[in-house]
Amino acid sequence: MDPIYERSSTAVTVRRALPGDAEAIRAIRNHAIEHSTALWTQTPQSSPESVAWLATHLERGSAFVAEAAGDVAGFAVYGPWRALDGYRYTVEDSVYVREDRHGLGIGSALLTALIASARAAGHHVMIAGIEAGNTASIRLHERFGFQHVGTVPEVGTKFGRWLDLTLMRLPLT
């Protein structure tokens with residue numbers, strides 16, 4: 001996948017996340033919490049919370065990091081979409097790229113690995129829940145075949161305004 005808007009061919013390596021990646025992932029998550037509407041919370045994640053959050057994903061094998069120029073430049077995870085067992089074959093993805101590494105193909109590399117992993121694990125559908133104004137994330141998911149299945153207006157709030165949630169779906173089988 002080689003989108004035309006990507007700025008360079010920076011070498012990106014995607015690998016399964018390791019416990020030692022928790023702090024780099026936390027820094028990316030906390031930047032998104034503090035500066036964007038990608039994560040609908042205003043409470044930064046503590047170091048112990050980050051370790052516990054990542055451990056859950058490591059246990060299921062659903063966490064990946066992208067390295068560029070020797071640094072963690074992004075991460076991606078998938079997890080259960082809903083808790084009831086009727087949803088056990090449906091997962092939701094999250095892809096985050098460090099602010100200074102946008103447009104380098106890192107999100108594409110991470111989403112490629114995430115989809116392949118979810119397919120190999122036998123999941124049936126991957127859901128993306130994206131803040132409706134996040135056109136870059138919506139375009140990324142569209143390039144991978146995710147289809148828009150609806151937008152739920154004003155279901156979240158952050159920075160003093162209501163947020164709409166766009167739902168996208170990718171069949172994995």
# chains A, B, ... in the order shown; residues from 1 in each chain; ligands from 1
>>> residues_around(residues="A:Ala121", least_positions_apart="5", cutoff="12 Å", atoms="only C-alpha atoms", output="CSV table (one decimal) with N, CA and C atoms, in the first residue's frame")
chain,number,residue,atom,x,y,z
A,60,ARG,N,-3.4,-11.4,24.8
A,60,ARG,CA,-4.2,-12.0,23.7
A,60,ARG,C,-3.4,-11.9,22.3
A,61,GLY,N,-2.2,-11.3,22.3
A,61,GLY,CA,-1.4,-11.2,21.1
A,61,GLY,C,-1.9,-10.2,20.1
A,62,SER,N,-2.5,-9.1,20.7
A,62,SER,CA,-3.2,-8.1,19.8
A,62,SER,C,-2.6,-6.7,19.9
A,78,TYR,N,-6.0,-4.4,18.9
A,78,TYR,CA,-7.4,-4.7,18.7
A,78,TYR,C,-7.8,-5.4,20.0
A,79,GLY,N,-9.1,-5.3,20.3
A,79,GLY,CA,-9.7,-5.9,21.5
A,79,GLY,C,-11.1,-6.2,21.2
A,88,ARG,N,-18.0,-12.4,20.3
A,88,ARG,CA,-16.6,-12.9,20.5
A,88,ARG,C,-15.8,-13.0,19.2
A,89,TYR,N,-16.4,-12.9,18.1
A,89,TYR,CA,-15.6,-12.9,16.8
A,89,TYR,C,-15.5,-11.5,16.2
A,90,THR,N,-15.9,-10.5,17.0
A,90,THR,CA,-15.9,-9.1,16.5
A,90,THR,C,-14.9,-8.4,17.4
A,91,VAL,N,-13.9,-7.7,16.7
A,91,VAL,CA,-12.9,-6.9,17.4
A,91,VAL,C,-13.0,-5.5,17.0
A,114,LEU,N,-2.3,-5.5,12.0
A,114,LEU,CA,-3.4,-5.7,12.9
A,114,LEU,C,-4.5,-6.6,12.2
A,115,ILE,N,-4.8,-6.3,11.0
A,115,ILE,CA,-5.8,-7.0,10.2
A,115,ILE,C,-5.3,-8.5,10.0
A,116,ALA,N,-4.1,-8.6,9.6
A,116,ALA,CA,-3.5,-10.0,9.4
A,116,ALA,C,-3.6,-10.8,10.7
A,126,MET,N,-13.9,-6.7,12.0
A,126,MET,CA,-13.2,-5.7,12.7
A,126,MET,C,-13.9,-4.4,12.6
A,172,LEU,N,-13.5,-9.9,8.0
A,172,LEU,CA,-12.2,-10.5,8.0
A,172,LEU,C,-12.2,-11.9,7.4
A,173,THR,N,-13.4,-12.5,7.3
A,173,THR,CA,-13.5,-13.9,6.7
A,173,THR,C,-14.3,-13.8,5.4
>>> residues_around(residues="A:Ala109", least_positions_apart="6", cutoff="9 Å", atoms="only C-alpha atoms", output="VMD selection string")
chain A and resid 1 12 to 14 66
>>> write_last_selection(atoms="all heavy atoms", output="compact mmCIF listing (two decimals), in the first residue's frame")
# COMPACT_ATOMS: atom_id res chain seq x y z
N MET A 1 0.85 -1.16 0.00
CA MET A 1 0.00 0.00 0.00
C MET A 1 0.90 1.22 0.00
O MET A 1 1.76 1.38 0.85
CB MET A 1 -0.88 -0.08 1.25
CG MET A 1 -1.91 0.95 1.31
SD MET A 1 -3.47 0.49 2.08
CE MET A 1 -4.16 -0.68 0.99
N VAL A 12 10.05 1.45 8.05
CA VAL A 12 9.20 1.18 9.20
C VAL A 12 9.21 -0.32 9.44
O VAL A 12 9.02 -1.10 8.51
CB VAL A 12 7.76 1.66 8.95
CG1 VAL A 12 6.86 1.27 10.11
CG2 VAL A 12 7.73 3.15 8.71
N THR A 13 9.43 -0.70 10.68
CA THR A 13 9.36 -2.10 11.07
C THR A 13 8.21 -2.25 12.04
O THR A 13 8.15 -1.53 13.04
CB THR A 13 10.67 -2.54 11.76
OG1 THR A 13 11.75 -2.32 10.87
CG2 THR A 13 10.60 -4.01 12.15
N VAL A 14 7.29 -3.15 11.74
CA VAL A 14 6.19 -3.44 12.65
C VAL A 14 6.48 -4.77 13.31
O VAL A 14 6.86 -5.74 12.65
CB VAL A 14 4.85 -3.48 11.91
CG1 VAL A 14 3.72 -3.92 12.84
CG2 VAL A 14 4.54 -2.12 11.31
N ALA A 66 5.22 0.13 15.76
CA ALA A 66 6.00 0.44 14.57
C ALA A 66 7.24 1.18 15.02
O ALA A 66 7.16 2.12 15.82
CB ALA A 66 5.18 1.30 13.61
>>> residues_around(residues="stretch 67-70 of chain A", least_positions_apart="3", cutoff="10 Å", atoms="only C-alpha atoms", output="ChimeraX atom specification")
/A:10-15,64,73-75,101,104,106
>>> closest_atom_pairs(of="stretch 66-102 of chain A", to="stretch 130-147 of chain A", cutoff="10 Å", atoms="only C-alpha atoms", output="JSON lines")
{"residue": "A:Asp93", "atom": "CA", "partner": "A:Ile130", "partner_atom": "CA", "distance": 9.9}
{"residue": "A:Ser94", "atom": "CA", "partner": "A:Ile130", "partner_atom": "CA", "distance": 9.1}
{"residue": "A:Val95", "atom": "CA", "partner": "A:Ser137", "partner_atom": "CA", "distance": 8.5}
{"residue": "A:Tyr96", "atom": "CA", "partner": "A:Ser137", "partner_atom": "CA", "distance": 9.4}
{"residue": "A:His102", "atom": "CA", "partner": "A:Ala136", "partner_atom": "CA", "distance": 9.8}
>>> residues_around(residues="A:Pro48", least_positions_apart="3", cutoff="12 Å", atoms="only C-alpha atoms", output="list of chain:residue names")
A:Pro19, A:Ala22, A:Glu23, A:Arg26, A:Pro44, A:Gln45, A:Val51, A:Ala52, A:Trp53, A:Leu54, A:Ala55
>>> write_last_selection(atoms="N, CA and C atoms", output="mmCIF file, in the first residue's frame")
data_model
loop_
_atom_site.group_PDB
_atom_site.id
_atom_site.type_symbol
_atom_site.label_atom_id
_atom_site.label_comp_id
_atom_site.auth_asym_id
_atom_site.auth_seq_id
_atom_site.Cartn_x
_atom_site.Cartn_y
_atom_site.Cartn_z
ATOM 1 N N PRO A 19 6.504 -5.849 26.706
ATOM 2 C CA PRO A 19 6.243 -5.097 27.935
ATOM 3 C C PRO A 19 7.067 -3.815 28.036
ATOM 4 N N ALA A 22 5.717 -0.186 26.940
ATOM 5 C CA ALA A 22 4.595 0.472 27.621
ATOM 6 C C ALA A 22 4.789 1.977 27.748
ATOM 7 N N GLU A 23 5.973 2.428 28.076
ATOM 8 C CA GLU A 23 6.178 3.864 28.277
ATOM 9 C C GLU A 23 6.078 4.642 26.967
ATOM 10 N N ARG A 26 2.450 4.750 26.113
ATOM 11 C CA ARG A 26 1.775 5.688 27.013
ATOM 12 C C ARG A 26 1.995 7.126 26.565
ATOM 13 N N PRO A 44 -5.081 11.630 31.575
ATOM 14 C CA PRO A 44 -3.900 10.920 31.070
ATOM 15 C C PRO A 44 -3.720 9.585 31.782
ATOM 16 N N GLN A 45 -3.106 8.665 31.087
ATOM 17 C CA GLN A 45 -2.877 7.325 31.612
ATOM 18 C C GLN A 45 -1.595 7.338 32.453
ATOM 19 N N VAL A 51 0.960 -0.059 31.852
ATOM 20 C CA VAL A 51 1.511 -1.416 31.925
ATOM 21 C C VAL A 51 0.377 -2.441 31.964
ATOM 22 N N ALA A 52 -0.646 -2.187 32.771
ATOM 23 C CA ALA A 52 -1.780 -3.117 32.888
ATOM 24 C C ALA A 52 -2.576 -3.177 31.586
ATOM 25 N N TRP A 53 -2.816 -2.020 30.976
ATOM 26 C CA TRP A 53 -3.553 -1.964 29.706
ATOM 27 C C TRP A 53 -2.818 -2.761 28.636
ATOM 28 N N LEU A 54 -1.510 -2.534 28.526
ATOM 29 C CA LEU A 54 -0.729 -3.240 27.516
ATOM 30 C C LEU A 54 -0.670 -4.738 27.809
ATOM 31 N N ALA A 55 -0.555 -5.112 29.071
ATOM 32 C CA ALA A 55 -0.478 -6.528 29.437
ATOM 33 C C ALA A 55 -1.695 -7.300 28.938
#
>>> select_by_dssp(residues="stretch 18-144 of chain A", states="helix (DSSP H, G or I)", output="ChimeraX atom specification")
/A:19-35,47-60,85-87,99-101,106-120,135-143
>>> select_by_dssp(residues="chain A", states="strand (DSSP E)", output="PyMOL selection string")
chain A and resi 12-16+63-68+71-80+90-97+125-131+147-158+161-171
>>> decode(residues="stretch 29-41 of chain A", atoms="N, CA, C and O atoms", output="CSV table (one decimal), in the first residue's frame")
chain,number,residue,atom,x,y,z
A,29,ARG,N,-0.3,7.7,23.6
A,29,ARG,CA,-1.7,7.8,24.1
A,29,ARG,C,-2.0,9.1,24.8
A,29,ARG,O,-3.0,9.7,24.6
A,30,ASN,N,-1.1,9.4,25.7
A,30,ASN,CA,-1.3,10.7,26.5
A,30,ASN,C,-1.3,11.9,25.6
A,30,ASN,O,-2.0,12.8,25.9
A,31,HIS,N,-0.5,11.9,24.6
A,31,HIS,CA,-0.5,13.0,23.7
A,31,HIS,C,-1.8,13.1,23.0
A,31,HIS,O,-2.4,14.2,22.8
A,32,ALA,N,-2.4,12.0,22.5
A,32,ALA,CA,-3.7,12.0,21.9
A,32,ALA,C,-4.8,12.4,22.9
A,32,ALA,O,-5.7,13.1,22.5
A,33,ILE,N,-4.7,12.0,24.2
A,33,ILE,CA,-5.6,12.4,25.2
A,33,ILE,C,-5.6,13.9,25.4
A,33,ILE,O,-6.6,14.5,25.4
A,34,GLU,N,-4.4,14.4,25.5
A,34,GLU,CA,-4.3,15.9,25.8
A,34,GLU,C,-4.5,16.8,24.6
A,34,GLU,O,-5.0,17.9,24.8
A,35,HIS,N,-4.3,16.3,23.3
A,35,HIS,CA,-4.4,17.2,22.2
A,35,HIS,C,-5.3,16.9,21.1
A,35,HIS,O,-5.4,17.6,20.1
A,36,SER,N,-6.1,15.8,21.2
A,36,SER,CA,-7.0,15.4,20.1
A,36,SER,C,-8.3,14.8,20.7
A,36,SER,O,-8.5,14.6,21.9
A,37,THR,N,-9.2,14.5,19.7
A,37,THR,CA,-10.4,13.9,20.1
A,37,THR,C,-10.4,12.4,19.7
A,37,THR,O,-11.5,11.8,19.6
A,38,ALA,N,-9.2,11.9,19.5
A,38,ALA,CA,-9.1,10.4,19.2
A,38,ALA,C,-9.5,9.5,20.3
A,38,ALA,O,-10.1,8.5,20.1
A,39,LEU,N,-9.1,9.9,21.5
A,39,LEU,CA,-9.5,9.2,22.7
A,39,LEU,C,-10.4,10.0,23.6
A,39,LEU,O,-10.0,11.2,23.9
A,40,TRP,N,-11.6,9.5,23.9
A,40,TRP,CA,-12.6,10.3,24.5
A,40,TRP,C,-12.5,10.3,26.0
A,40,TRP,O,-13.4,9.9,26.7
A,41,THR,N,-11.4,10.8,26.5
A,41,THR,CA,-11.1,11.0,27.9
A,41,THR,C,-10.2,12.2,28.1
A,41,THR,O,-9.5,12.5,27.1
